[in-house]
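Trainee: Below is coords-v8.txt; it holds compact mmCIF, C-alpha atoms and all ligand atoms.
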```txt
# COMPACT_ATOMS: atom_id res chain seq x y z
CA MET A 1 42.87 28.38 -24.37
CA ALA A 2 46.50 29.09 -23.56
CA ALA A 3 47.00 30.31 -19.99
CA ASN A 4 48.46 33.68 -19.15
CA ILE A 5 51.67 32.99 -17.33
CA ILE A 6 52.10 35.24 -14.31
CA ASP A 7 55.81 36.03 -14.39
CA GLY A 8 56.95 36.33 -10.78
CA LYS A 9 60.53 36.85 -11.81
CA LYS A 10 59.76 39.97 -13.82
CA LEU A 11 57.31 41.39 -11.28
CA SER A 12 59.77 40.81 -8.44
CA LYS A 13 62.45 42.62 -10.44
CA ASP A 14 60.14 45.62 -10.87
CA ILE A 15 59.40 45.64 -7.13
CA ARG A 16 63.08 45.35 -6.23
CA ASN A 17 63.91 48.23 -8.58
CA ASN A 18 61.19 50.33 -6.98
CA VAL A 19 62.55 49.53 -3.50
CA LYS A 20 66.06 50.38 -4.69
CA GLU A 21 64.95 53.78 -5.99
CA ARG A 22 63.16 54.61 -2.74
CA VAL A 23 66.17 53.53 -0.68
CA ALA A 24 68.49 55.69 -2.81
CA SER A 25 66.18 58.65 -2.39
CA TYR A 26 66.08 58.25 1.44
CA LYS A 27 69.84 57.92 1.51
CA GLU A 28 70.23 61.15 -0.39
CA LYS A 29 67.68 63.08 1.67
CA TYR A 30 68.25 61.69 5.15
CA ASP A 31 71.59 59.89 4.88
CA LYS A 32 69.95 56.75 6.27
CA VAL A 33 69.21 53.34 4.78
CA PRO A 34 67.12 50.40 6.04
CA HIS A 35 69.08 47.83 8.01
CA LEU A 36 67.95 44.19 8.14
CA VAL A 37 69.48 41.91 10.77
CA VAL A 38 69.14 38.17 10.30
CA VAL A 39 69.92 35.88 13.21
CA LEU A 40 71.04 32.40 12.22
CA VAL A 41 71.49 29.64 14.79
CA GLY A 42 73.58 26.68 13.64
CA ASP A 43 74.78 25.79 10.17
CA ASN A 44 71.89 24.06 8.41
CA PRO A 45 73.01 24.37 4.73
CA ALA A 46 69.55 25.41 3.47
CA SER A 47 69.29 28.10 6.17
CA VAL A 48 72.82 29.36 5.43
CA SER A 49 71.92 29.64 1.77
CA TYR A 50 68.61 31.45 2.51
CA VAL A 51 70.19 34.03 4.82
CA THR A 52 73.10 34.65 2.44
CA ARG A 53 70.59 35.31 -0.32
CA LYS A 54 68.55 37.68 1.84
CA LYS A 55 71.69 39.66 2.71
CA ARG A 56 72.74 39.80 -0.94
CA ASP A 57 69.30 40.95 -2.10
CA CYS A 58 69.16 43.64 0.60
CA GLU A 59 72.55 44.94 -0.43
CA ARG A 60 71.58 44.94 -4.10
CA ALA A 61 68.63 47.16 -3.16
CA GLY A 62 71.02 49.55 -1.39
CA MET A 63 70.04 48.41 2.11
CA LYS A 64 72.36 47.39 4.90
CA SER A 65 72.17 43.79 6.08
CA THR A 66 73.92 41.92 8.87
CA ILE A 67 73.90 38.21 9.58
CA ILE A 68 74.49 37.33 13.23
CA ARG A 69 75.54 33.70 13.49
CA LYS A 70 75.26 31.77 16.73
CA ASP A 71 76.26 28.24 17.60
CA THR A 72 73.52 25.69 18.38
CA SER A 73 74.82 25.70 21.96
CA ILE A 74 73.16 29.12 22.48
CA THR A 75 70.49 28.93 25.21
CA GLU A 76 66.94 30.15 24.77
CA GLU A 77 67.65 32.85 27.35
CA GLU A 78 70.72 34.09 25.47
CA LEU A 79 68.83 34.18 22.16
CA VAL A 80 65.95 36.12 23.73
CA ALA A 81 68.46 38.56 25.26
CA LEU A 82 70.09 39.07 21.84
CA ILE A 83 66.72 39.81 20.24
CA GLU A 84 65.82 42.27 23.00
CA GLU A 85 69.10 44.07 22.38
CA LEU A 86 68.36 44.26 18.63
CA ASN A 87 64.79 45.40 19.37
CA ASP A 88 66.23 48.42 21.19
CA ASP A 89 68.93 49.16 18.63
CA LYS A 90 67.88 52.27 16.68
CA ASP A 91 70.20 51.29 13.84
CA VAL A 92 68.16 48.10 13.19
CA HIS A 93 64.88 48.41 11.25
CA GLY A 94 64.11 44.82 10.32
CA LEU A 95 64.80 41.72 12.37
CA LEU A 96 64.27 38.08 11.56
CA VAL A 97 65.35 34.81 13.08
CA GLN A 98 65.89 32.15 10.46
CA LEU A 99 63.85 29.01 11.12
CA PRO A 100 64.11 26.18 11.99
CA LEU A 101 65.64 26.64 15.44
CA PRO A 102 67.23 23.82 17.48
CA ASP A 103 64.78 21.75 19.54
CA HIS A 104 65.82 23.21 22.90
CA ILE A 105 64.62 26.67 21.82
CA ASP A 106 60.92 27.58 21.83
CA LYS A 107 60.33 29.03 18.35
CA ASN A 108 57.11 30.74 19.40
CA LEU A 109 58.75 32.46 22.36
CA VAL A 110 61.52 33.74 20.08
CA ILE A 111 59.04 35.05 17.50
CA ARG A 112 56.96 36.72 20.21
CA THR A 113 60.09 38.48 21.48
CA ILE A 114 60.77 40.24 18.17
CA ARG A 115 59.40 43.79 18.20
CA LYS A 116 56.19 43.81 16.22
CA ASP A 117 57.28 46.78 14.12
CA LYS A 118 60.64 45.19 13.20
CA ASP A 119 59.13 41.76 12.45
CA VAL A 120 59.77 41.72 8.68
CA ASP A 121 58.66 38.07 8.45
CA GLY A 122 55.25 39.06 9.83
CA PHE A 123 55.21 35.99 12.09
CA HIS A 124 54.58 37.82 15.40
CA PRO A 125 51.11 36.91 16.76
CA LEU A 126 50.11 40.59 16.65
CA ASN A 127 51.02 40.82 12.97
CA ILE A 128 49.15 37.57 12.28
CA ALA A 129 46.16 39.00 14.19
CA ALA A 130 46.30 42.20 12.13
CA ILE A 131 45.54 40.19 8.99
CA HIS A 132 42.38 38.93 10.68
CA THR A 133 41.24 42.26 12.07
CA GLY A 134 42.21 44.36 9.08
CA GLU A 135 44.50 46.52 11.21
CA LYS A 136 47.81 47.77 9.89
CA GLY A 137 50.45 45.11 10.38
CA ILE A 138 53.29 43.40 8.60
CA VAL A 139 52.04 40.79 6.13
CA PRO A 140 54.25 37.67 5.80
CA ALA A 141 56.31 37.74 2.62
CA THR A 142 54.86 34.75 0.75
CA PRO A 143 51.17 35.69 1.23
CA LYS A 144 52.01 39.30 0.39
CA GLY A 145 53.78 38.15 -2.79
CA VAL A 146 50.81 35.98 -3.78
CA MET A 147 48.35 38.87 -3.39
CA THR A 148 50.64 41.23 -5.32
CA MET A 149 50.80 38.73 -8.20
CA ILE A 150 47.01 38.36 -8.30
CA GLU A 151 46.46 42.13 -8.26
CA ASN A 152 49.18 42.79 -10.80
CA ALA A 153 47.64 40.27 -13.21
CA GLY A 154 44.50 42.42 -13.11
CA ILE A 155 42.47 39.73 -11.34
CA ASP A 156 39.60 40.90 -9.16
CA VAL A 157 38.82 38.06 -6.74
CA THR A 158 35.58 39.63 -5.51
CA GLY A 159 32.95 36.90 -5.25
CA MET A 160 35.25 34.19 -6.60
CA ASP A 161 35.30 30.69 -5.14
CA ALA A 162 38.88 30.26 -3.98
CA LEU A 163 40.47 27.04 -2.79
CA VAL A 164 43.59 27.31 -0.65
CA ILE A 165 45.42 24.01 -0.30
CA GLY A 166 47.63 23.99 2.80
CA THR A 167 47.03 25.55 6.19
CA SER A 168 50.46 26.47 7.54
CA ASN A 169 50.91 29.71 9.47
CA ILE A 170 53.44 31.06 6.97
CA ALA A 171 51.59 30.28 3.75
CA GLY A 172 48.10 28.73 3.49
CA LYS A 173 46.29 30.28 6.45
CA PRO A 174 47.32 33.92 5.88
CA ILE A 175 46.81 33.57 2.11
CA GLY A 176 43.24 32.43 2.76
CA MET A 177 42.59 35.31 5.16
CA LEU A 178 43.91 37.87 2.66
CA LEU A 179 41.62 36.38 0.01
CA VAL A 180 38.65 36.62 2.38
CA ASP A 181 39.59 40.24 2.97
CA ALA A 182 39.61 40.76 -0.79
CA LYS A 183 36.03 39.36 -0.80
CA ALA A 184 36.62 35.89 -2.21
CA THR A 185 34.70 32.91 -0.82
CA VAL A 186 37.45 30.74 0.57
CA THR A 187 37.69 27.01 1.22
CA TYR A 188 40.76 25.53 2.91
CA ALA A 189 42.00 22.03 2.11
CA HIS A 190 44.69 20.10 3.96
CA SER A 191 46.10 16.60 4.29
CA LYS A 192 42.91 15.31 5.94
CA THR A 193 40.55 16.79 3.31
CA ARG A 194 38.37 13.90 2.11
CA ASP A 195 37.77 14.88 -1.49
CA LEU A 196 40.20 17.46 -2.84
CA LYS A 197 38.94 17.03 -6.41
CA LYS A 198 35.39 18.01 -5.42
CA HIS A 199 36.60 21.31 -3.97
CA ALA A 200 39.06 21.91 -6.83
CA GLN A 201 36.33 21.45 -9.43
CA GLU A 202 34.27 24.24 -7.90
CA ALA A 203 37.12 26.72 -7.59
CA ASP A 204 37.67 29.81 -9.76
CA LEU A 205 41.05 30.30 -8.09
CA ILE A 206 43.33 27.68 -6.56
CA VAL A 207 46.35 28.50 -4.42
CA SER A 208 48.35 25.39 -3.68
CA ALA A 209 50.79 25.53 -0.76
CA ALA A 210 51.11 21.89 0.24
CA GLY A 211 54.54 20.75 -0.94
CA VAL A 212 53.15 17.74 -2.84
CA VAL A 213 54.15 17.05 -6.46
CA ASN A 214 51.27 16.73 -8.96
CA LEU A 215 48.64 17.47 -6.33
CA VAL A 216 46.52 19.51 -8.75
CA THR A 217 46.00 18.09 -12.24
CA ALA A 218 43.97 19.18 -15.27
CA ASP A 219 41.20 16.61 -14.69
CA MET A 220 40.48 18.16 -11.26
CA VAL A 221 39.75 21.73 -12.32
CA LYS A 222 37.31 23.69 -14.42
CA ASP A 223 38.20 25.58 -17.58
CA GLY A 224 39.60 29.05 -16.98
CA VAL A 225 40.73 28.37 -13.40
CA ILE A 226 43.42 30.66 -11.97
CA ILE A 227 46.33 28.73 -10.47
CA ILE A 228 48.86 30.12 -8.00
CA ASP A 229 51.48 27.51 -7.17
CA VAL A 230 53.33 28.17 -3.92
CA GLY A 231 54.80 24.67 -3.61
CA ILE A 232 58.50 24.07 -4.04
CA ASN A 233 59.49 20.46 -4.52
CA ARG A 234 62.66 18.88 -5.77
CA VAL A 235 62.29 16.06 -8.29
CA GLU A 236 65.48 14.53 -9.65
CA GLY A 237 67.37 17.73 -8.89
CA LYS A 238 64.73 19.92 -10.61
CA LEU A 239 62.42 22.38 -8.84
CA VAL A 240 58.72 21.83 -9.44
CA GLY A 241 55.57 23.13 -7.80
CA ASP A 242 52.45 21.34 -6.55
CA VAL A 243 50.53 21.52 -9.81
CA ASP A 244 50.89 19.76 -13.15
CA TYR A 245 52.04 22.94 -14.89
CA GLU A 246 52.28 21.52 -18.42
CA GLY A 247 48.92 19.78 -18.14
CA LEU A 248 47.19 22.94 -16.90
CA LEU A 249 48.60 25.31 -19.51
CA ASP A 250 45.67 24.59 -21.86
CA LYS A 251 43.02 24.68 -19.17
CA ALA A 252 43.87 27.52 -16.80
CA SER A 253 43.30 31.19 -17.60
CA HIS A 254 46.32 32.22 -15.45
CA ILE A 255 49.09 30.16 -13.92
CA THR A 256 52.34 30.79 -12.03
CA PRO A 257 55.44 28.79 -12.97
CA VAL A 258 57.89 27.11 -10.58
CA PRO A 259 60.60 28.28 -10.53
CA GLY A 260 60.04 31.93 -11.45
CA GLY A 261 56.64 32.37 -9.79
CA VAL A 262 55.86 32.86 -6.12
CA GLY A 263 59.47 32.22 -4.98
CA PRO A 264 60.99 35.47 -6.33
CA MET A 265 57.92 37.37 -5.09
CA THR A 266 58.62 36.20 -1.53
CA ILE A 267 62.04 37.80 -1.63
CA ALA A 268 60.75 41.03 -3.16
CA SER A 269 58.06 41.20 -0.46
CA LEU A 270 60.63 40.76 2.29
CA LEU A 271 62.55 43.75 0.90
CA GLU A 272 59.32 45.76 0.77
CA ASN A 273 58.58 44.83 4.39
CA THR A 274 62.06 45.92 5.45
CA LEU A 275 61.67 49.25 3.68
CA GLU A 276 58.21 49.79 5.21
CA CYS A 277 59.54 49.03 8.72
CA PHE A 278 62.29 51.59 8.11
CA GLU A 279 59.78 54.19 6.96
CA ASP A 280 57.55 53.64 9.99
CA LEU A 281 60.38 53.55 12.53
CA GLU A 282 62.10 56.61 11.08
CA GLY A 283 58.79 58.41 10.51
CA ILE A 284 59.52 59.14 6.86
CA ARG A 285 57.57 58.21 3.75
CA GLU A 286 57.50 59.60 0.26
P1 LIG B 301 53.75 22.82 5.74
O1 LIG B 301 54.35 21.46 5.67
O2 LIG B 301 53.85 23.61 7.00
O3 LIG B 301 52.19 22.73 5.37
C1 LIG B 301 51.75 21.93 4.32
C2 LIG B 301 50.25 21.99 4.27
O4 LIG B 301 49.81 21.22 3.16
C3 LIG B 301 49.55 21.40 5.50
O5 LIG B 301 48.44 22.18 5.85
C4 LIG B 301 49.10 20.03 5.02
O6 LIG B 301 47.93 19.58 5.70
C5 LIG B 301 48.82 20.30 3.57
N1 LIG B 301 48.93 19.08 2.76
C6 LIG B 301 49.92 18.17 2.75
N2 LIG B 301 49.62 17.17 1.92
C7 LIG B 301 48.42 17.44 1.39
C8 LIG B 301 47.58 16.77 0.46
N3 LIG B 301 47.93 15.61 -0.09
N4 LIG B 301 46.41 17.35 0.13
C9 LIG B 301 46.04 18.53 0.67
N5 LIG B 301 46.80 19.20 1.55
C10 LIG B 301 47.97 18.67 1.91
O7 LIG B 301 54.38 23.58 4.53
P2 LIG B 301 54.57 25.17 4.20
O8 LIG B 301 55.71 25.67 4.97
O9 LIG B 301 53.26 25.87 4.24
O10 LIG B 301 55.01 25.02 2.68
C11 LIG B 301 54.18 24.44 1.70
C12 LIG B 301 54.91 24.40 0.39
O11 LIG B 301 55.11 25.73 -0.04
C13 LIG B 301 56.27 23.74 0.42
O12 LIG B 301 56.52 23.13 -0.83
C14 LIG B 301 57.21 24.91 0.59
O13 LIG B 301 58.50 24.65 0.08
C15 LIG B 301 56.50 25.94 -0.22
N6 LIG B 301 56.78 27.33 0.16
C16 LIG B 301 57.16 28.15 -0.82
C17 LIG B 301 57.42 29.47 -0.55
C18 LIG B 301 57.80 30.37 -1.68
O14 LIG B 301 58.41 31.39 -1.45
N7 LIG B 301 57.44 30.03 -2.91
C19 LIG B 301 57.29 29.96 0.75
C20 LIG B 301 56.85 29.09 1.75
C21 LIG B 301 56.59 27.76 1.44
```
As structure tokens, what does this structure read like?
Ligand code: NAD
Mentor:
Amino acid sequence: MAANIIDGKKLSKDIRNNVKERVASYKEKYDKVPHLVVVLVGDNPASVSYVTRKKRDCERAGMKSTIIRKDTSITEEELVALIEELNDDKDVHGLLVQLPLPDHIDKNLVIRTIRKDKDVDGFHPLNIAAIHTGEKGIVPATPKGVMTMIENAGIDVTGMDALVIGTSNIAGKPIGMLLVDAKATVTYAHSKTRDLKKHAQEADLIVSAAGVVNLVTADMVKDGVIIIDVGINRVEGKLVGDVDYEGLLDKASHITPVPGGVGPMTIASLLENTLECFEDLEGIRE
């Protein structure tokens, strides 16, 4: 059986086009567009590249985006004061602080300071809690992208045995909670899991978010398994995921490629979150 390849690149393009159309319509009707502010501390090359990309993608969708760059000498107090100022700024609808932050700054304090309804990353404890309680909140971009891909592929996870590999706050844990909410039976695996193969063999759906090359291979899974590969690893200059993509093509029923899978969906979901924050803060929705 040849697997259906879930094309994250195409789906993300459709989502970005939809966001762009909605933004254009709000601009015409209300003369307002969503504004995302990204705060970047220091000059970590990967972070600079991520924030530049976020700004570019916002602008391509017709949104306004500003990068505020601060030197690593900024104190925790000064950064918190900057966020509070942006929280109160009516011209700002989405606000994120690019991680990692320098060691002298408490990341959790900074995230807690961001207004819950401008927290486009969905990292604020109240937004994390909303996933668990089923309340309305902002869902982090990667988990949101994963769920959109599953739904768009026409997969109903009700009753499925799902294995989520990885338990980080930004990927594994919220992905598992969203799957529970969608009525899957979820098992989490992590670096201390004794027998990953045993759990993988029982799974109808595997989401791997570990950052380990070749972690999931064809001999570990059952026929027809659905594979969502969140991992991004660099091998000899090439991007690969956590799963043996080639080896699984004949065994899985659905699989996401890397690159071109979850990665582009994360960006599209961030744009959706920014637009939804704008709609809520401005009290408009079509
Ligand atoms: P993390 O380092 O915070 O967490 C990794 C998790 O994987 C931990 O829970 C760890 O216990 C588990 N793990 C590590 N080795 C394992 C093993 N051998 N077996 C089972 N579990 C193991 O990482 P993260 O920030 O959650 O990111 C995970 C991966 O997903 C990375 O490759 C990252 O680049 C990628 N990622 C991709 C996107 C995207 O947009 N596609 C977004 C976020 C993260």
Trainee: Show which residues sit within 8 Å of A:Met220, as a compact mmCIF listing (two decimals) with C-alpha atoms, in the coordinates of the input. Count only C-alpha atoms, and ignore same-chain residues fewer than 6 positions away.
Mentor:
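Saved to around.txt:
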```txt
# COMPACT_ATOMS: atom_id res chain seq x y z
CA LYS A 197 38.94 17.03 -6.41
CA LYS A 198 35.39 18.01 -5.42
CA ALA A 200 39.06 21.91 -6.83
CA GLN A 201 36.33 21.45 -9.43
```
Trainee: Determine, for each residue of chain A having at least one atom at most 6 Å from an atom of ligand LIG 301 (chain B), the closest pair of atoms and their separation in Å to one decimal, counting only C-alpha atoms and all ligand atoms; order by chain and ascending number, as JSON lines.
Mentor:
```
{"residue": "A:Thr142", "atom": "CA", "partner": "B:LIG301", "partner_atom": "O14", "distance": 5.4}
{"residue": "A:Ile165", "atom": "CA", "partner": "B:LIG301", "partner_atom": "N5", "distance": 5.3}
{"residue": "A:Gly166", "atom": "CA", "partner": "B:LIG301", "partner_atom": "O4", "distance": 3.5}
{"residue": "A:Thr167", "atom": "CA", "partner": "B:LIG301", "partner_atom": "O5", "distance": 3.7}
{"residue": "A:Ser168", "atom": "CA", "partner": "B:LIG301", "partner_atom": "O9", "distance": 4.4}
{"residue": "A:Ile170", "atom": "CA", "partner": "B:LIG301", "partner_atom": "O9", "distance": 5.9}
{"residue": "A:Ala171", "atom": "CA", "partner": "B:LIG301", "partner_atom": "O9", "distance": 4.7}
{"residue": "A:Gly172", "atom": "CA", "partner": "B:LIG301", "partner_atom": "O9", "distance": 5.9}
{"residue": "A:Ala189", "atom": "CA", "partner": "B:LIG301", "partner_atom": "C9", "distance": 5.5}
{"residue": "A:His190", "atom": "CA", "partner": "B:LIG301", "partner_atom": "N5", "distance": 3.3}
{"residue": "A:Ser191", "atom": "CA", "partner": "B:LIG301", "partner_atom": "C10", "distance": 3.7}
{"residue": "A:Ala209", "atom": "CA", "partner": "B:LIG301", "partner_atom": "C11", "distance": 4.3}
{"residue": "A:Ala210", "atom": "CA", "partner": "B:LIG301", "partner_atom": "O4", "distance": 3.3}
{"residue": "A:Gly211", "atom": "CA", "partner": "B:LIG301", "partner_atom": "O12", "distance": 3.1}
{"residue": "A:Val212", "atom": "CA", "partner": "B:LIG301", "partner_atom": "N2", "distance": 6.0}
{"residue": "A:Val230", "atom": "CA", "partner": "B:LIG301", "partner_atom": "N7", "distance": 4.6}
{"residue": "A:Gly231", "atom": "CA", "partner": "B:LIG301", "partner_atom": "O12", "distance": 3.6}
{"residue": "A:Ile232", "atom": "CA", "partner": "B:LIG301", "partner_atom": "O12", "distance": 3.9}
{"residue": "A:Asn233", "atom": "CA", "partner": "B:LIG301", "partner_atom": "O12", "distance": 5.4}
{"residue": "A:Val262", "atom": "CA", "partner": "B:LIG301", "partner_atom": "N7", "distance": 4.6}
{"residue": "A:Gly263", "atom": "CA", "partner": "B:LIG301", "partner_atom": "N7", "distance": 3.6}
{"residue": "A:Thr266", "atom": "CA", "partner": "B:LIG301", "partner_atom": "O14", "distance": 4.8}
```
Trainee: For those residues, write C-alpha atoms to a file as a PDB file, keeping the file's coordinate frame.
Mentor:
```pdb
ATOM      1  CA  THR A 142      54.860  34.750   0.750  1.00  0.00           C
ATOM      2  CA  ILE A 165      45.420  24.010  -0.300  1.00  0.00           C
ATOM      3  CA  GLY A 166      47.630  23.990   2.800  1.00  0.00           C
ATOM      4  CA  THR A 167      47.030  25.550   6.190  1.00  0.00           C
ATOM      5  CA  SER A 168      50.460  26.470   7.540  1.00  0.00           C
ATOM      6  CA  ILE A 170      53.440  31.060   6.970  1.00  0.00           C
ATOM      7  CA  ALA A 171      51.590  30.280   3.750  1.00  0.00           C
ATOM      8  CA  GLY A 172      48.100  28.730   3.490  1.00  0.00           C
ATOM      9  CA  ALA A 189      42.000  22.030   2.110  1.00  0.00           C
ATOM     10  CA  HIS A 190      44.690  20.100   3.960  1.00  0.00           C
ATOM     11  CA  SER A 191      46.100  16.600   4.290  1.00  0.00           C
ATOM     12  CA  ALA A 209      50.790  25.530  -0.760  1.00  0.00           C
ATOM     13  CA  ALA A 210      51.110  21.890   0.240  1.00  0.00           C
ATOM     14  CA  GLY A 211      54.540  20.750  -0.940  1.00  0.00           C
ATOM     15  CA  VAL A 212      53.150  17.740  -2.840  1.00  0.00           C
ATOM     16  CA  VAL A 230      53.330  28.170  -3.920  1.00  0.00           C
ATOM     17  CA  GLY A 231      54.800  24.670  -3.610  1.00  0.00           C
ATOM     18  CA  ILE A 232      58.500  24.070  -4.040  1.00  0.00           C
ATOM     19  CA  ASN A 233      59.490  20.460  -4.520  1.00  0.00           C
ATOM     20  CA  VAL A 262      55.860  32.860  -6.120  1.00  0.00           C
ATOM     21  CA  GLY A 263      59.470  32.220  -4.980  1.00  0.00           C
ATOM     22  CA  THR A 266      58.620  36.200  -1.530  1.00  0.00           C
TER      23      THR A 266
END
```
Trainee: What does the structure give for the distance between atom CA of A:Glu286 and atom CA of A:Gly8, in Å to one decimal?
Mentor: 25.8 Å
Trainee: Using only C-alpha atoms, which of the listed residues (A:Asp204, A:Asp156, A:Glu151, A:Asp117) sits closest to A:Gly137?
Mentor: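 Residue with the minimum atom-to-atom distance to A:Gly137: A:Asp117.
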Trainee: When you look at stretch 239-252 of chain A with a cut-off of 7 Å (counting only C-alpha atoms), what residues show up, excluding the ones that are within fewer than 6 positions of it in the same chain? I need them as a PDB file with C-alpha atoms, in the coordinates of the input.
Mentor:
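File produced: part-v3.pdb:
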```pdb
ATOM      1  CA  MET A   1      42.870  28.380 -24.370  1.00  0.00           C
ATOM      2  CA  ALA A   2      46.500  29.090 -23.560  1.00  0.00           C
ATOM      3  CA  ALA A   3      47.000  30.310 -19.990  1.00  0.00           C
ATOM      4  CA  SER A 208      48.350  25.390  -3.680  1.00  0.00           C
ATOM      5  CA  ALA A 210      51.110  21.890   0.240  1.00  0.00           C
ATOM      6  CA  GLY A 211      54.540  20.750  -0.940  1.00  0.00           C
ATOM      7  CA  VAL A 212      53.150  17.740  -2.840  1.00  0.00           C
ATOM      8  CA  VAL A 213      54.150  17.050  -6.460  1.00  0.00           C
ATOM      9  CA  ASN A 214      51.270  16.730  -8.960  1.00  0.00           C
ATOM     10  CA  LEU A 215      48.640  17.470  -6.330  1.00  0.00           C
ATOM     11  CA  VAL A 216      46.520  19.510  -8.750  1.00  0.00           C
ATOM     12  CA  THR A 217      46.000  18.090 -12.240  1.00  0.00           C
ATOM     13  CA  ALA A 218      43.970  19.180 -15.270  1.00  0.00           C
ATOM     14  CA  ASP A 223      38.200  25.580 -17.580  1.00  0.00           C
ATOM     15  CA  GLY A 224      39.600  29.050 -16.980  1.00  0.00           C
ATOM     16  CA  VAL A 225      40.730  28.370 -13.400  1.00  0.00           C
ATOM     17  CA  ILE A 226      43.420  30.660 -11.970  1.00  0.00           C
ATOM     18  CA  ILE A 227      46.330  28.730 -10.470  1.00  0.00           C
ATOM     19  CA  ASP A 229      51.480  27.510  -7.170  1.00  0.00           C
ATOM     20  CA  VAL A 230      53.330  28.170  -3.920  1.00  0.00           C
ATOM     21  CA  GLY A 231      54.800  24.670  -3.610  1.00  0.00           C
ATOM     22  CA  ILE A 232      58.500  24.070  -4.040  1.00  0.00           C
ATOM     23  CA  ASN A 233      59.490  20.460  -4.520  1.00  0.00           C
ATOM     24  CA  VAL A 258      57.890  27.110 -10.580  1.00  0.00           C
ATOM     25  CA  PRO A 259      60.600  28.280 -10.530  1.00  0.00           C
TER      26      PRO A 259
END
```
Trainee: Find the spatial neighbours of stretch 102-116 of chain A, counting all atoms listed in the file, within a cut-off of 12 Å - ignore same-chain residues fewer than 3 positions away - and output them as a short mmCIF file (atom, residue, chain, number, x, y, z; two decimals) with C-alpha atoms, keeping the file's coordinate frame.
Mentor:
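Written file, selection.cif:
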```cif
data_model
loop_
_atom_site.label_atom_id
_atom_site.label_comp_id
_atom_site.auth_asym_id
_atom_site.auth_seq_id
_atom_site.Cartn_x
_atom_site.Cartn_y
_atom_site.Cartn_z
CA VAL A 37 69.48 41.91 10.77
CA VAL A 38 69.14 38.17 10.30
CA VAL A 39 69.92 35.88 13.21
CA LEU A 40 71.04 32.40 12.22
CA VAL A 41 71.49 29.64 14.79
CA GLY A 42 73.58 26.68 13.64
CA ASP A 43 74.78 25.79 10.17
CA ASN A 44 71.89 24.06 8.41
CA LYS A 70 75.26 31.77 16.73
CA ASP A 71 76.26 28.24 17.60
CA THR A 72 73.52 25.69 18.38
CA SER A 73 74.82 25.70 21.96
CA ILE A 74 73.16 29.12 22.48
CA THR A 75 70.49 28.93 25.21
CA GLU A 76 66.94 30.15 24.77
CA GLU A 77 67.65 32.85 27.35
CA GLU A 78 70.72 34.09 25.47
CA LEU A 79 68.83 34.18 22.16
CA VAL A 80 65.95 36.12 23.73
CA ALA A 81 68.46 38.56 25.26
CA LEU A 82 70.09 39.07 21.84
CA ILE A 83 66.72 39.81 20.24
CA GLU A 84 65.82 42.27 23.00
CA GLU A 85 69.10 44.07 22.38
CA LEU A 86 68.36 44.26 18.63
CA ASN A 87 64.79 45.40 19.37
CA ASP A 88 66.23 48.42 21.19
CA ASP A 89 68.93 49.16 18.63
CA VAL A 92 68.16 48.10 13.19
CA HIS A 93 64.88 48.41 11.25
CA GLY A 94 64.11 44.82 10.32
CA LEU A 95 64.80 41.72 12.37
CA LEU A 96 64.27 38.08 11.56
CA VAL A 97 65.35 34.81 13.08
CA GLN A 98 65.89 32.15 10.46
CA LEU A 99 63.85 29.01 11.12
CA ASP A 119 59.13 41.76 12.45
CA VAL A 120 59.77 41.72 8.68
CA ASP A 121 58.66 38.07 8.45
CA GLY A 122 55.25 39.06 9.83
CA PHE A 123 55.21 35.99 12.09
CA HIS A 124 54.58 37.82 15.40
CA PRO A 125 51.11 36.91 16.76
CA LEU A 126 50.11 40.59 16.65
CA ASN A 127 51.02 40.82 12.97
CA ILE A 128 49.15 37.57 12.28
CA ALA A 129 46.16 39.00 14.19
CA ALA A 130 46.30 42.20 12.13
CA LYS A 136 47.81 47.77 9.89
CA GLY A 137 50.45 45.11 10.38
CA ILE A 138 53.29 43.40 8.60
CA VAL A 139 52.04 40.79 6.13
CA ASN A 169 50.91 29.71 9.47
CA CYS A 277 59.54 49.03 8.72
CA ASP A 280 57.55 53.64 9.99
CA LEU A 281 60.38 53.55 12.53
#
```
Trainee: Work out how far atom CA of A:Thr193 is from atom CA of A:Asp181, in Å to one decimal.
Mentor: 23.5 Å
Trainee: Check the smallest atom-to-atom distance from each of A:Asp91, A:Asp195, A:Asp161, A:Glu59 to A:Val23 using all atoms listed in the file, then report the winner.
Mentor: A:Glu59
Trainee: Please report the interatomic distance between atom CA of A:Ser65 and atom CA of A:Asn152 in Å with one decimal.
Mentor: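 Between atom CA of A:Ser65 and atom CA of A:Asn152 the gap works out to 28.5 Å.
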Trainee: As JSON, please report the centre and edge lengths, rounded to one decimal in Å, of the axis-aligned box that holds all listed atoms of stretch 269-278 of chain A with 6 Å of padding on each of the six sides.
Mentor:
```
{"center_x": 60.3, "center_y": 46.2, "center_z": 4.1, "size_x": 16.5, "size_y": 22.8, "size_z": 21.2}
```
Trainee: Using only C-alpha atoms - which residues lie no farther than 12 Å from the point (65.9, 58.0, 3.5) in the file's frame? Write them as a PyMOL selection string.
Mentor: chain A and resi 19-35+62-63+275-276+278-286
Trainee: Could you give me, as a list in words, the residues that have an atom at most 12 Å away from the point (30.2, 39.7, -0.9) in the coordinates of the file, using all atoms listed in the file?
Mentor: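 The residues that fall inside the cut-off are Val157, Thr158, Gly159, Met160, Asp161, Leu179, Val180, Asp181, Ala182, Lys183, Ala184, Thr185 and Val186 of chain A.
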Trainee: Measuring atom to atom with only C-alpha atoms, identify which of A:Val146, A:Leu196, A:Leu163, A:Lys238 is nearest to A:Asp7.
Mentor: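 So, comparing all the options, the nearest one is A:Val146.
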